[in-house]
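Visitor: Just passing along the structure, written as structure tokens.
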4 protein chains.
Amino acid sequence: MPRLKEEQLQRIYEERKRQLTSAAVKVFAQRGLPGTKISMITAEAGVSHGLFYHYFKTKEELFISLVREAVETSLKEIDDLIRLAGSPIDKIRILTEGMLDASGAPYFMLLHRARNFEEVPEEVSRLIREHPMDIYVKRLLPLFEEGQQRGEIADGDPEELIAGYLTVLSGVMVLGNGYSTPRTEWLLRFVEKR
Amino acid sequence: MPRLKEEQLQRIYEERKRQLTSAAVKVFAQRGLPGTKISMITAEAGVSHGLFYHYFKTKEELFISLVREAVETSLKEIDDLIRLAGSPIDKIRILTEGMLDASGAPYFMLLHRARNFEEVPEEVSRLIREHPMDIYVKRLLPLFEEGQQRGEIADGDPEELIAGYLTVLSGVMVLGNGYSTPRTEWLLRFVEKR
Amino acid sequence: MPRLKEEQLQRIYEERKRQLTSAAVKVFAQRGLPGTKISMITAEAGVSHGLFYHYFKTKEELFISLVREAVETSLKEIDDLIRLAGSPIDKIRILTEGMLDASGAPYFMLLHRARNFEEVPEEVSRLIREHPMDIYVKRLLPLFEEGQQRGEIADGDPEELIAGYLTVLSGVMVLGNGYSTPRTEWLLRFVEKR
Amino acid sequence: MPRLKEEQLQRIYEERKRQLTSAAVKVFAQRGLPGTKISMITAEAGVSHGLFYHYFKTKEELFISLVREAVETSLKEIDDLIRLAGSPIDKIRILTEGMLDASGAPYFMLLHRARNFEEVPEEVSRLIREHPMDIYVKRLLPLFEEGQQRGEIADGDPEELIAGYLTVLSGVMVLGNGYSTPRTEWLLRFVEKR
DNA sequence: CATGAATGAGACTTCATTCAT
DNA sequence: CATGAATGAAGTCTCATTCAT
């Protein structure tokens with residue numbers, strides 16, 4: 001019986017933590033670290049502000065852990081992409097659509113804010129320094145090289161091509177609302193062999 | 001004698017105000033409204049924090065006036081561009097280089113932050129609402145249409161093309177450091193007829 | 001259980017608010033709006049300065065609400081007085097004693113400060129403009145007229161008599177300490193028929 | 001020649017100082033020490049705020065010297081009054097009219113503020129302590145006693161009578177605008193023998 | 001676990017005072 | 001002497017964080 005109750009508590013705990021975390025991602029992505037007040041996160045999650053401190057030590061600590069999670073998730077998604085079946089250009093199309101898909105945007109915005117914007121805790125700077133864009137370029141290199149060999153992908157230095165394309169995709173994603181996101185087919189013109 | 005003194009005071013006033021303004025643009029662009037502390041601006045300008053209030057009423061008021069200035073400047077630059085001599089594709093090349101030129105970046109970041117990010121004063125929201133991306137598209141429309149007629153610019157809905165290209169350029173510019181900015185010629189692939 | 005807790009919170013809230021309000025009346029009455037620092041009010045109430053802002057939006061807002069309350073209370077007290085049993089001169093004696101009674105002084109001082117002194121928020125000016133002394137005179141008019149008919153009250157324009165007496169009483173009350181407050185019977189000489 | 005210039009400077013100096021002093025009396029009387037900003041005084045005097053410090057060391061120092069002056073002036077005026085020709089009741093009538101005369105009000109308000117209101121510098125408290133109302137009562141005592149002997153003035157303890165009457169007059173004067181000041185003849189009812 | 005009252009560090013803003021011109 | 005730019009102490013206000021219930 002106590003076992004059952006404990007498990008239930010555990011479940012409530014996890015559920016609440018998830019609730020708060022996803023509220024936090026949303027608000028941090030939109031407002032940044034200094035623009036986010038604890039009360040915004042708890043209001044978004046529909047709980048009292050005091051509850052925040054049952055689950056996280058400080059605002060900064062939460063921000064750091066979210067950035068860490070975003071870094072890990074983004075790397076994993078690249079790896080998953082590469083392991084898919086299909087031609088290189090198809091995979092790049094999937095990558096493009098995936099990045100433009102608004103659902104992943106908040107995590108991406110977090111990374112963007114951590115990388116370029118505002119004051120971030122030292123721990124975040126370190127995380128970002130340890131995961132430069134270069135890492136993503138390197139992981140995508142085999143894919144693009146194969147595409148070039150197949151004649152699907154434009155010629156030229158593949159690393160420069162990848163870096164440029166990731167920059168464009170990241171930029172488009174970061175802009176978000178207020179700008180009109182180009183269609184995938186148009187964006188692919190950057191990498192397709194003419 | 002008093003005339004001379006008056007002029008000198010005037011000069012000091014203008015100079016200090018310019019000093020503070022450009023410090024503010026820099027810091028606001030980097031940190032956003034809530035991430036910018038008055039002390040950051042005055043430290044950047046090398047004056048005491050109290051002096052800020054001889055030149056501006058509040059932090060918000062300054063932010064608003066800077067956004068207004070950025071809106072006006074950006075419109076003027078588009079108009080200047082169109083009036084240049086040269087073929088459409090040359091003008092678009094100049095536009096591209098101009099937007100990637102880091103010197104204008106702070107003003108651009110301000111606009112970006114005002115458009116998408118954080119809490120902004122109502123006055124700023126209004127300014128942005130009154131100047132949607134659409135305005136820029138409309139002004140560039142004749143240029144792109146001429147380019148399409150000449151066969152320099154890719155076919156398709158020119159408004160969609162312009163909006164997409166502006167989004168790409170804006171995105172690249174907003175990312176700034178931490179990403180590798182693509183070369184102008186590569187970016188032009190988006191609009192060039194193959 | 002939650003019901004009980006809610007009630008308790010409610011009670012704490014009301015109690016604290018009352019505590020702060022009465023501290024504020026006291027300090028505002030003594031020092032005026034610009035002479036009152038938030039820290040004086042919170043020190044008087046025995047709480048931290050931050051707590052002030054859980055209960056009131058700003059110092060000015062509190063001042064305004066206190067003045068409004070003082071206006072309403074003073075009108076109500078005049079009405080209560082008139083409804084008492086007794087001869088006109090008896091009621092005027094009660095009015096006199098009531099005004100000299102130190103316990104009501106703080107509220108009265110607030111009104112006095114709002115009426116004549118210092119910079120007050122526009123809202124306060126409006127309140128005062130809408131409640132000129134005249135209102136009090138009009139309400140007391142039937143009482144004084146009856147007194148004149150009975151031969152208890154001095155002859156002459158009753159409105160002028162009332163206004164003059166209210167001025168005298170207000171003045172004496174406003175002076176407060178440092179002056180010797182005259183006895184009620186002596187003050188009544190102003191209105192008694194000889 | 002240098003002598004002349006020096007004299008002229010001296011004259012300018014005195015004139016400016018007078019200008020500032022009378023502006024200060026006016027503003028201090030209306031707003032009190034904490035409610036008065038240096039800029040209000042200099043604006044009232046029509047000079048730059050920096051000039052204030054050519055003539056006075058600090059705001060407090062000026063306030064102190066004005067209170068001192070007000071104390072001395074008020075004592076002198078009582079003495080002058082007593083030395084006038086005429087019957088006691090006539091002199092009391094002149095005293096009454098003099099106190100109600102708005103021109104002297106600012107100095108009087110200063111005394112009132114020093115006596116009862118707000119935080120004042122220790123030097124001011126000392127001045128006030130050394131000049132309690134009692135001093136004025138004592139100086140007027142012969143006048144009232146003579147009036148009682150002549151049957152012009154109401155019977156009873158003359159010191160109490162004087163203190164009461166001064167309190168009433170002071171109160172009426174302090175109220176100033178917003179209240180209707182009673183006519184002299186009505187106020188005299190407090191002291192006249194019926 | 002959940003709530004919101006309470007605290008205090010820190011940011012914003014005002015203004016007395018100083019000082020170069 | 002006169003001005004207004006400049007400084008910094010002090011007050012207003014916000015909000016992250018703690019804690020009693």
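Ordered as shown in the structure tokens, chains take letters A, B, and onward, while each chain numbers its residues from 1 and ligands are numbered from 1 in the order shown.
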Need the shell around Val71 (chain C): protein/DNA/RNA residues with any atom at most 12 Å away, counting only C-alpha atoms (C1' of nucleotides). Skip same-chain ones fewer than 6 positions apart. Format as a list of chain:residue names?
Guide: C:Ile64, C:Ser65, C:Glu77, C:Ile78, C:Tyr107, C:Phe108, C:Met109, C:Leu110, C:Leu111, C:His112, C:Ala114, C:Arg115, C:Val124, C:Arg126, C:Leu127, C:Ile128, C:Arg129, C:Glu130, C:His131, C:Pro132, C:Met133, C:Ile135, C:Tyr136
Visitor: Please produce an output containing N, CA, C and O atoms for each residue in the selection, written as a JSON list (two decimals), in the first residue's frame.
Guide:
[["chain", "number", "residue", "atom", "x", "y", "z"],
["C", 64, "ILE", "N", -3.98, 58.13, -2.56],
["C", 64, "ILE", "CA", -5.26, 58.45, -3.18],
["C", 64, "ILE", "C", -6.40, 57.70, -2.49],
["C", 64, "ILE", "O", -7.42, 58.29, -2.14],
["C", 65, "SER", "N", -6.19, 56.40, -2.26],
["C", 65, "SER", "CA", -7.29, 55.64, -1.69],
["C", 65, "SER", "C", -7.59, 56.09, -0.26],
["C", 65, "SER", "O", -8.73, 56.08, 0.19],
["C", 77, "GLU", "N", -19.87, 61.04, 8.76],
["C", 77, "GLU", "CA", -19.94, 61.47, 10.15],
["C", 77, "GLU", "C", -20.83, 62.68, 10.33],
["C", 77, "GLU", "O", -21.54, 62.81, 11.34],
["C", 78, "ILE", "N", -20.80, 63.58, 9.35],
["C", 78, "ILE", "CA", -21.70, 64.73, 9.41],
["C", 78, "ILE", "C", -23.15, 64.24, 9.38],
["C", 78, "ILE", "O", -23.99, 64.69, 10.18],
["C", 107, "TYR", "N", -6.81, 61.23, 9.84],
["C", 107, "TYR", "CA", -7.61, 61.30, 8.63],
["C", 107, "TYR", "C", -7.84, 62.75, 8.22],
["C", 107, "TYR", "O", -7.82, 63.11, 7.04],
["C", 108, "PHE", "N", -8.06, 63.57, 9.26],
["C", 108, "PHE", "CA", -8.33, 64.96, 8.96],
["C", 108, "PHE", "C", -7.12, 65.65, 8.36],
["C", 108, "PHE", "O", -7.20, 66.42, 7.40],
["C", 109, "MET", "N", -5.96, 65.33, 8.92],
["C", 109, "MET", "CA", -4.72, 65.90, 8.41],
["C", 109, "MET", "C", -4.51, 65.52, 6.95],
["C", 109, "MET", "O", -4.04, 66.32, 6.14],
["C", 110, "LEU", "N", -4.86, 64.28, 6.65],
["C", 110, "LEU", "CA", -4.75, 63.82, 5.27],
["C", 110, "LEU", "C", -5.56, 64.71, 4.35],
["C", 110, "LEU", "O", -5.09, 65.17, 3.31],
["C", 111, "LEU", "N", -6.81, 64.96, 4.78],
["C", 111, "LEU", "CA", -7.67, 65.82, 3.97],
["C", 111, "LEU", "C", -7.09, 67.21, 3.84],
["C", 111, "LEU", "O", -7.09, 67.82, 2.77],
["C", 112, "HIS", "N", -6.58, 67.69, 4.95],
["C", 112, "HIS", "CA", -6.01, 69.03, 4.94],
["C", 112, "HIS", "C", -4.83, 69.11, 3.97],
["C", 112, "HIS", "O", -4.72, 70.02, 3.14],
["C", 114, "ALA", "N", -4.25, 67.18, 1.51],
["C", 114, "ALA", "CA", -4.73, 67.02, 0.14],
["C", 114, "ALA", "C", -5.33, 68.33, -0.37],
["C", 114, "ALA", "O", -5.21, 68.67, -1.55],
["C", 115, "ARG", "N", -5.95, 69.07, 0.55],
["C", 115, "ARG", "CA", -6.67, 70.27, 0.13],
["C", 115, "ARG", "C", -5.75, 71.46, -0.14],
["C", 115, "ARG", "O", -5.96, 72.24, -1.06],
["C", 124, "VAL", "N", -6.26, 62.98, -6.66],
["C", 124, "VAL", "CA", -6.58, 63.59, -5.37],
["C", 124, "VAL", "C", -7.16, 64.98, -5.57],
["C", 124, "VAL", "O", -8.16, 65.35, -4.95],
["C", 126, "ARG", "N", -8.83, 66.00, -7.97],
["C", 126, "ARG", "CA", -10.19, 65.84, -8.46],
["C", 126, "ARG", "C", -11.15, 65.53, -7.31],
["C", 126, "ARG", "O", -12.19, 66.16, -7.17],
["C", 127, "LEU", "N", -10.74, 64.59, -6.48],
["C", 127, "LEU", "CA", -11.56, 64.23, -5.32],
["C", 127, "LEU", "C", -11.87, 65.47, -4.49],
["C", 127, "LEU", "O", -13.01, 65.67, -4.06],
["C", 128, "ILE", "N", -10.85, 66.26, -4.26],
["C", 128, "ILE", "CA", -11.02, 67.44, -3.41],
["C", 128, "ILE", "C", -11.91, 68.47, -4.10],
["C", 128, "ILE", "O", -12.78, 69.08, -3.48],
["C", 129, "ARG", "N", -11.68, 68.62, -5.40],
["C", 129, "ARG", "CA", -12.51, 69.58, -6.15],
["C", 129, "ARG", "C", -13.98, 69.17, -6.09],
["C", 129, "ARG", "O", -14.87, 70.02, -6.00],
["C", 130, "GLU", "N", -14.22, 67.88, -6.11],
["C", 130, "GLU", "CA", -15.60, 67.40, -6.11],
["C", 130, "GLU", "C", -16.23, 67.44, -4.71],
["C", 130, "GLU", "O", -17.42, 67.23, -4.56],
["C", 131, "HIS", "N", -15.40, 67.67, -3.72],
["C", 131, "HIS", "CA", -15.92, 67.75, -2.35],
["C", 131, "HIS", "C", -15.41, 69.00, -1.68],
["C", 131, "HIS", "O", -14.65, 68.93, -0.72],
["C", 132, "PRO", "N", -15.86, 70.17, -2.14],
["C", 132, "PRO", "CA", -15.39, 71.41, -1.51],
["C", 132, "PRO", "C", -16.05, 71.55, -0.14],
["C", 132, "PRO", "O", -16.99, 70.82, 0.19],
["C", 133, "MET", "N", -15.53, 72.47, 0.63],
["C", 133, "MET", "CA", -16.08, 72.70, 1.97],
["C", 133, "MET", "C", -17.58, 72.94, 1.89],
["C", 133, "MET", "O", -18.34, 72.59, 2.81],
["C", 135, "ILE", "N", -19.92, 71.51, 0.50],
["C", 135, "ILE", "CA", -20.77, 70.35, 0.74],
["C", 135, "ILE", "C", -21.09, 70.17, 2.21],
["C", 135, "ILE", "O", -22.23, 69.89, 2.60],
["C", 136, "TYR", "N", -20.09, 70.39, 3.04],
["C", 136, "TYR", "CA", -20.29, 70.25, 4.48],
["C", 136, "TYR", "C", -21.23, 71.35, 4.98],
["C", 136, "TYR", "O", -22.10, 71.13, 5.82]]
Visitor: Just want the 9 Å neighbourhood of Gln30 (chain C), counted on only C-alpha atoms (C1' of nucleotides), with same-chain residues fewer than 3 positions away dropped. Output as number ranges by chain.
Guide: C: 25-27, 35-36, 106, 109-110; D: 116-119
Visitor: Pull C-alpha atoms from the residues just selected and write them as an mmCIF file, in the first residue's frame.
Guide:
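The result, written out as result25.cif:
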data_model
loop_
_atom_site.group_PDB
_atom_site.id
_atom_site.type_symbol
_atom_site.label_atom_id
_atom_site.label_comp_id
_atom_site.auth_asym_id
_atom_site.auth_seq_id
_atom_site.Cartn_x
_atom_site.Cartn_y
_atom_site.Cartn_z
ATOM 1 C CA VAL C 25 -2.398 57.122 7.559
ATOM 2 C CA LYS C 26 -0.290 57.945 10.545
ATOM 3 C CA VAL C 27 2.867 58.680 8.585
ATOM 4 C CA GLY C 35 7.949 63.438 3.200
ATOM 5 C CA THR C 36 6.762 59.870 3.627
ATOM 6 C CA PRO C 106 -4.801 61.680 11.129
ATOM 7 C CA MET C 109 -4.717 65.903 8.407
ATOM 8 C CA LEU C 110 -4.746 63.817 5.269
ATOM 9 C CA ASN D 116 4.211 70.540 13.664
ATOM 10 C CA PHE D 117 4.972 69.000 10.409
ATOM 11 C CA GLU D 118 7.421 66.720 8.827
ATOM 12 C CA GLU D 119 11.044 66.057 9.485
#
Visitor: Would you mind telling me which residue in F:DC1, F:DC15, F:DA6, F:DA20 lies nearest to chain B when using only C-alpha atoms (C1' of nucleotides)?
Guide: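 With only C-alpha atoms (C1' of nucleotides) as the atom set, the closest residue is F:DA6.
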Visitor: CA of Leu33 (chain C) and CA of Phe56 (chain C), how far apart in Å?
Guide: 15.1 Å
Visitor: What are the DSSP helix (DSSP H, G or I) residues of chain C, as a VMD selection string?
Guide: chain C and resid 2 to 35 38 to 45 49 to 55 59 to 83 88 to 100 102 to 116 122 to 130 133 to 150 158 to 175 184 to 190
Visitor: Leaving out region 4-6 of chain E and any residue of its chain fewer than 4 positions from it, which residues lie within 9 Å of it when counting only C-alpha atoms (C1' of nucleotides), given as a CSV table (one decimal) with C-alpha atoms (C1' of nucleotides), in the first residue's frame?
Guide:
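Result file part_20.csv:
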chain,number,residue,atom,x,y,z
A,48,SER,CA,1.5,28.7,-7.9
A,49,HIS,CA,4.9,30.4,-8.2
A,50,GLY,CA,6.1,28.8,-5.0
C,9,LEU,CA,-5.0,33.4,4.3
C,12,ILE,CA,-3.9,37.3,7.2
C,13,TYR,CA,-4.3,39.4,4.1
C,47,VAL,CA,7.3,44.5,8.0
C,48,SER,CA,9.9,44.5,5.3
C,50,GLY,CA,9.0,44.7,-0.1
C,51,LEU,CA,5.8,43.6,1.5
C,54,HIS,CA,2.0,42.9,-2.1
F,18,DT,C1',12.5,31.2,1.2
F,19,DC,C1',9.3,29.4,4.4
F,20,DA,C1',5.2,28.8,7.5
Visitor: Based on only C-alpha atoms (C1' of nucleotides), which of the residues in chain A come within 10 Å of chain F? I want them as a short mmCIF file (atom, residue, chain, number, x, y, z; two decimals) with all heavy atoms, in the first residue's frame.
Guide:
data_model
loop_
_atom_site.label_atom_id
_atom_site.label_comp_id
_atom_site.auth_asym_id
_atom_site.auth_seq_id
_atom_site.Cartn_x
_atom_site.Cartn_y
_atom_site.Cartn_z
N LYS A 37 10.11 35.72 -16.20
CA LYS A 37 9.94 35.75 -14.74
C LYS A 37 9.37 34.40 -14.32
O LYS A 37 8.61 33.78 -15.07
CB LYS A 37 9.00 36.88 -14.36
CG LYS A 37 9.53 38.23 -14.84
CD LYS A 37 8.54 39.32 -14.67
CE LYS A 37 8.85 40.53 -15.56
NZ LYS A 37 10.05 40.48 -16.43
N ILE A 38 9.76 33.98 -13.15
CA ILE A 38 9.27 32.70 -12.63
C ILE A 38 7.75 32.65 -12.73
O ILE A 38 7.16 31.63 -13.10
CB ILE A 38 9.69 32.50 -11.16
CG1 ILE A 38 11.21 32.44 -11.05
CG2 ILE A 38 9.06 31.25 -10.59
CD1 ILE A 38 11.82 31.24 -11.70
N SER A 39 7.12 33.77 -12.41
CA SER A 39 5.66 33.80 -12.42
C SER A 39 5.11 33.52 -13.81
O SER A 39 4.00 33.01 -13.95
CB SER A 39 5.16 35.15 -11.91
OG SER A 39 5.63 36.17 -12.77
N GLY A 50 5.26 29.43 -5.97
CA GLY A 50 6.09 28.76 -4.98
C GLY A 50 6.48 27.35 -5.39
O GLY A 50 7.54 26.85 -5.03
N TYR A 53 9.92 25.98 -6.94
CA TYR A 53 11.12 25.64 -6.17
C TYR A 53 11.07 24.27 -5.53
O TYR A 53 12.00 23.87 -4.85
CB TYR A 53 11.41 26.75 -5.16
CG TYR A 53 11.78 28.03 -5.86
CD1 TYR A 53 10.83 28.97 -6.21
CD2 TYR A 53 13.10 28.25 -6.26
CE1 TYR A 53 11.17 30.12 -6.90
CE2 TYR A 53 13.45 29.39 -6.96
CZ TYR A 53 12.49 30.32 -7.27
OH TYR A 53 12.83 31.44 -7.97
N LYS A 57 16.11 24.23 -8.57
CA LYS A 57 16.79 25.03 -7.55
C LYS A 57 16.68 26.52 -7.85
O LYS A 57 16.33 27.31 -6.99
CB LYS A 57 18.25 24.60 -7.44
CG LYS A 57 18.52 23.86 -6.15
CD LYS A 57 19.90 23.94 -5.56
CE LYS A 57 21.06 23.84 -6.50
NZ LYS A 57 21.49 22.48 -6.81
N THR A 58 17.02 26.89 -9.08
CA THR A 58 16.93 28.30 -9.45
C THR A 58 16.50 28.41 -10.91
O THR A 58 16.50 27.44 -11.65
CB THR A 58 18.29 29.01 -9.33
OG1 THR A 58 19.17 28.47 -10.33
CG2 THR A 58 18.91 28.84 -7.96
N LYS A 59 16.19 29.61 -11.32
CA LYS A 59 15.81 29.88 -12.69
C LYS A 59 16.97 29.54 -13.62
O LYS A 59 16.79 28.92 -14.67
CB LYS A 59 15.44 31.37 -12.83
CG LYS A 59 14.88 31.75 -14.17
CD LYS A 59 14.33 33.18 -14.18
CE LYS A 59 15.41 34.21 -14.40
NZ LYS A 59 14.86 35.49 -14.97
#
